[in-house]
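To start, the structure itself, in structure tokens.
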Amino acid sequence: MSRLLQHFVQRSFKFFLYILFVSGANASEVIPIEKYFSELEIASTYQDRRKGLMFRKELPEDFGMIFVWDSKKIQCMWMRNTFVPLSVAYIDNLGEIIDIYDMVPLSKTSVCSKKPVLYALEVNQGWFKKKGINVGDILTIDKILQND
């Protein structure tokens, strides 16, 4: 092999490794969400979404509630009559987490998604951090919604 060709192959290989490393560093993780929960409730009707997790005094550690709306738009939630500190993730129609917020118990302040979303997932506060789930990760929620 000529030196020129050998040099080209070596540089191409280094470039390929660099691209592979850079793209992997920012890649979103695809997470099969059902494996993380012992119990997952779905709030898909107006009444279920309106009530949410109000009046509950405690939640199991690996409990979650998925809110499903009929159309994709900016969604807002609050903590009126909700005693348990929660975290909420707003999720778009492809399953990507758009925002994660820690919510203040009994607060009447609305916390809204930054972009239009179709879903939200409420869990005990700090759950996302403990599980290493972040904004940009993609949740596979298809199986869960099929059972609703």
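Chain labels follow the order of the structure tokens: the first chain is A, the next B, and so on; residue numbering restarts at 1 in every chain, and ligands are counted from 1 in their shown order.
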As a ChimeraX atom specification, please: the residues near region 89-104 of chain A (cut-off 8 Å, only C-alpha atoms, same-chain neighbours under 2 positions excluded). /A:72,78-79,85-87,106-107,111,113-122,125-126,134-141
Store the residues picked out above, limited to C-alpha atoms, as a CSV table (one decimal), in the first residue's frame.
chain,number,residue,atom,x,y,z
A,72,LYS,CA,-50.4,18.1,21.3
A,78,TRP,CA,-50.1,22.5,39.3
A,79,MET,CA,-50.1,20.9,42.8
A,85,PRO,CA,-43.5,16.3,46.4
A,86,LEU,CA,-43.4,15.3,42.7
A,87,SER,CA,-41.3,15.7,39.6
A,106,LEU,CA,-50.0,22.4,47.5
A,107,SER,CA,-48.8,25.1,45.1
A,111,VAL,CA,-45.8,24.8,35.6
A,113,SER,CA,-44.1,22.7,29.1
A,114,LYS,CA,-41.8,24.7,26.9
A,115,LYS,CA,-43.0,23.0,23.8
A,116,PRO,CA,-46.3,21.3,22.7
A,117,VAL,CA,-46.5,17.9,24.3
A,118,LEU,CA,-48.9,14.9,24.3
A,119,TYR,CA,-47.9,13.3,27.6
A,120,ALA,CA,-46.6,14.0,31.1
A,121,LEU,CA,-45.2,11.6,33.7
A,122,GLU,CA,-45.5,12.4,37.4
A,125,GLN,CA,-39.6,14.1,43.5
A,126,GLY,CA,-36.0,13.1,42.6
A,134,ASN,CA,-32.8,13.3,31.6
A,135,VAL,CA,-34.3,15.8,29.2
A,136,GLY,CA,-33.7,14.5,25.7
A,137,ASP,CA,-34.1,10.8,26.7
A,138,ILE,CA,-36.8,8.9,24.8
A,139,LEU,CA,-39.4,6.9,26.7
A,140,THR,CA,-41.0,3.9,25.0
A,141,ILE,CA,-44.6,4.2,26.3
Would you mind writing down, as a PyMOL selection string, each residue of chain A that DSSP on the backbone assigns to helix (DSSP H, G or I)? chain A and resi 3-25+33-36+46-51+127-131+142-146
Those selected residues, please, written with C-alpha atoms and delivered as a JSON list (two decimals), in the first residue's frame.
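Listing of selection_1.json after writing:
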[["chain", "number", "residue", "atom", "x", "y", "z"],
["A", 3, "ARG", "CA", 2.23, 5.85, 1.87],
["A", 4, "LEU", "CA", -0.34, 8.30, 0.56],
["A", 5, "LEU", "CA", -3.11, 5.67, 0.67],
["A", 6, "GLN", "CA", -1.94, 4.47, 4.10],
["A", 7, "HIS", "CA", -2.01, 8.04, 5.42],
["A", 8, "PHE", "CA", -5.53, 8.55, 3.97],
["A", 9, "VAL", "CA", -6.82, 5.33, 5.60],
["A", 10, "GLN", "CA", -5.34, 6.26, 9.00],
["A", 11, "ARG", "CA", -6.82, 9.78, 8.89],
["A", 12, "SER", "CA", -10.19, 8.43, 7.73],
["A", 13, "PHE", "CA", -10.23, 5.90, 10.57],
["A", 14, "LYS", "CA", -9.41, 8.61, 13.13],
["A", 15, "PHE", "CA", -12.15, 10.83, 11.70],
["A", 16, "PHE", "CA", -14.64, 7.93, 11.87],
["A", 17, "LEU", "CA", -13.75, 7.29, 15.53],
["A", 18, "TYR", "CA", -14.10, 10.99, 16.31],
["A", 19, "ILE", "CA", -17.56, 11.18, 14.69],
["A", 20, "LEU", "CA", -18.62, 8.00, 16.48],
["A", 21, "PHE", "CA", -17.46, 9.40, 19.84],
["A", 22, "VAL", "CA", -19.04, 12.85, 19.36],
["A", 23, "SER", "CA", -22.39, 11.48, 18.18],
["A", 24, "GLY", "CA", -22.44, 8.98, 21.05],
["A", 25, "ALA", "CA", -21.70, 11.66, 23.63],
["A", 33, "ILE", "CA", -40.36, 2.88, 30.83],
["A", 34, "GLU", "CA", -42.42, -0.13, 31.96],
["A", 35, "LYS", "CA", -39.33, -1.77, 33.47],
["A", 36, "TYR", "CA", -38.96, 1.07, 36.01],
["A", 46, "TYR", "CA", -60.52, 14.83, 31.57],
["A", 47, "GLN", "CA", -61.66, 13.78, 35.06],
["A", 48, "ASP", "CA", -58.59, 11.58, 35.66],
["A", 49, "ARG", "CA", -56.21, 14.33, 34.51],
["A", 50, "ARG", "CA", -58.03, 16.91, 36.62],
["A", 51, "LYS", "CA", -57.74, 14.80, 39.78],
["A", 127, "TRP", "CA", -37.03, 9.87, 40.81],
["A", 128, "PHE", "CA", -35.72, 10.97, 37.40],
["A", 129, "LYS", "CA", -32.36, 11.95, 38.89],
["A", 130, "LYS", "CA", -32.07, 8.63, 40.79],
["A", 131, "LYS", "CA", -32.78, 6.66, 37.62],
["A", 142, "ASP", "CA", -46.40, 2.38, 23.51],
["A", 143, "LYS", "CA", -46.95, -0.87, 25.43],
["A", 144, "ILE", "CA", -48.35, 0.96, 28.44],
["A", 145, "LEU", "CA", -50.80, 3.01, 26.38],
["A", 146, "GLN", "CA", -52.02, -0.08, 24.51]]
Filtered DSSP result for region 2-147 of chain A, state strand (DSSP E), as a PyMOL selection string: chain A and resi 30-32+39-43+63-73+76-77+86-91+97-103+111-112+117-124+138-140
File dump, residues just selected, C-alpha atoms, as a PDB file, in the first residue's frame:
ATOM      1  CA  VAL A  30     -34.111   5.082  24.663  1.00  0.00           C
ATOM      2  CA  ILE A  31     -35.776   3.876  27.854  1.00  0.00           C
ATOM      3  CA  PRO A  32     -38.439   1.135  28.072  1.00  0.00           C
ATOM      4  CA  GLU A  39     -47.322   0.513  39.386  1.00  0.00           C
ATOM      5  CA  LEU A  40     -48.164   2.973  36.623  1.00  0.00           C
ATOM      6  CA  GLU A  41     -51.540   4.709  36.392  1.00  0.00           C
ATOM      7  CA  ILE A  42     -52.813   6.324  33.220  1.00  0.00           C
ATOM      8  CA  ALA A  43     -54.845   9.524  33.344  1.00  0.00           C
ATOM      9  CA  PHE A  63     -45.021   4.598  41.166  1.00  0.00           C
ATOM     10  CA  GLY A  64     -45.889   6.886  38.292  1.00  0.00           C
ATOM     11  CA  MET A  65     -48.869   8.487  36.631  1.00  0.00           C
ATOM     12  CA  ILE A  66     -48.895   9.162  32.895  1.00  0.00           C
ATOM     13  CA  PHE A  67     -51.135  11.975  31.699  1.00  0.00           C
ATOM     14  CA  VAL A  68     -52.381  11.592  28.126  1.00  0.00           C
ATOM     15  CA  TRP A  69     -53.977  14.532  26.318  1.00  0.00           C
ATOM     16  CA  ASP A  70     -56.085  14.402  23.152  1.00  0.00           C
ATOM     17  CA  SER A  71     -53.956  16.901  21.259  1.00  0.00           C
ATOM     18  CA  LYS A  72     -50.387  18.131  21.270  1.00  0.00           C
ATOM     19  CA  LYS A  73     -50.088  21.606  22.821  1.00  0.00           C
ATOM     20  CA  CYS A  76     -49.579  23.040  32.338  1.00  0.00           C
ATOM     21  CA  MET A  77     -49.892  21.334  35.711  1.00  0.00           C
ATOM     22  CA  LEU A  86     -43.439  15.329  42.728  1.00  0.00           C
ATOM     23  CA  SER A  87     -41.328  15.664  39.623  1.00  0.00           C
ATOM     24  CA  VAL A  88     -43.043  15.946  36.246  1.00  0.00           C
ATOM     25  CA  ALA A  89     -41.598  15.215  32.821  1.00  0.00           C
ATOM     26  CA  TYR A  90     -43.340  16.654  29.789  1.00  0.00           C
ATOM     27  CA  ILE A  91     -43.068  14.258  26.847  1.00  0.00           C
ATOM     28  CA  ILE A  97     -38.625  14.194  27.373  1.00  0.00           C
ATOM     29  CA  ILE A  98     -38.917  17.931  26.709  1.00  0.00           C
ATOM     30  CA  ASP A  99     -38.797  19.237  30.305  1.00  0.00           C
ATOM     31  CA  ILE A 100     -38.446  17.900  33.850  1.00  0.00           C
ATOM     32  CA  TYR A 101     -39.622  20.035  36.770  1.00  0.00           C
ATOM     33  CA  ASP A 102     -39.709  19.544  40.536  1.00  0.00           C
ATOM     34  CA  MET A 103     -43.124  20.550  41.846  1.00  0.00           C
ATOM     35  CA  VAL A 111     -45.772  24.788  35.603  1.00  0.00           C
ATOM     36  CA  CYS A 112     -45.951  24.550  31.815  1.00  0.00           C
ATOM     37  CA  VAL A 117     -46.501  17.850  24.291  1.00  0.00           C
ATOM     38  CA  LEU A 118     -48.915  14.944  24.326  1.00  0.00           C
ATOM     39  CA  TYR A 119     -47.885  13.309  27.629  1.00  0.00           C
ATOM     40  CA  ALA A 120     -46.614  14.014  31.124  1.00  0.00           C
ATOM     41  CA  LEU A 121     -45.181  11.600  33.676  1.00  0.00           C
ATOM     42  CA  GLU A 122     -45.469  12.393  37.393  1.00  0.00           C
ATOM     43  CA  VAL A 123     -43.302  10.550  39.901  1.00  0.00           C
ATOM     44  CA  ASN A 124     -41.900  11.071  43.382  1.00  0.00           C
ATOM     45  CA  ILE A 138     -36.801   8.908  24.828  1.00  0.00           C
ATOM     46  CA  LEU A 139     -39.372   6.860  26.730  1.00  0.00           C
ATOM     47  CA  THR A 140     -41.014   3.917  25.026  1.00  0.00           C
TER      48      THR A 140
END
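Between CA of Ser110 (chain A) and CA of Thr45 (chain A) the separation is 19.8 Å.
Reported to one decimal place, the separation of CA of Ile133 (chain A) from CA of Asn81 (chain A) is 27.0 Å.
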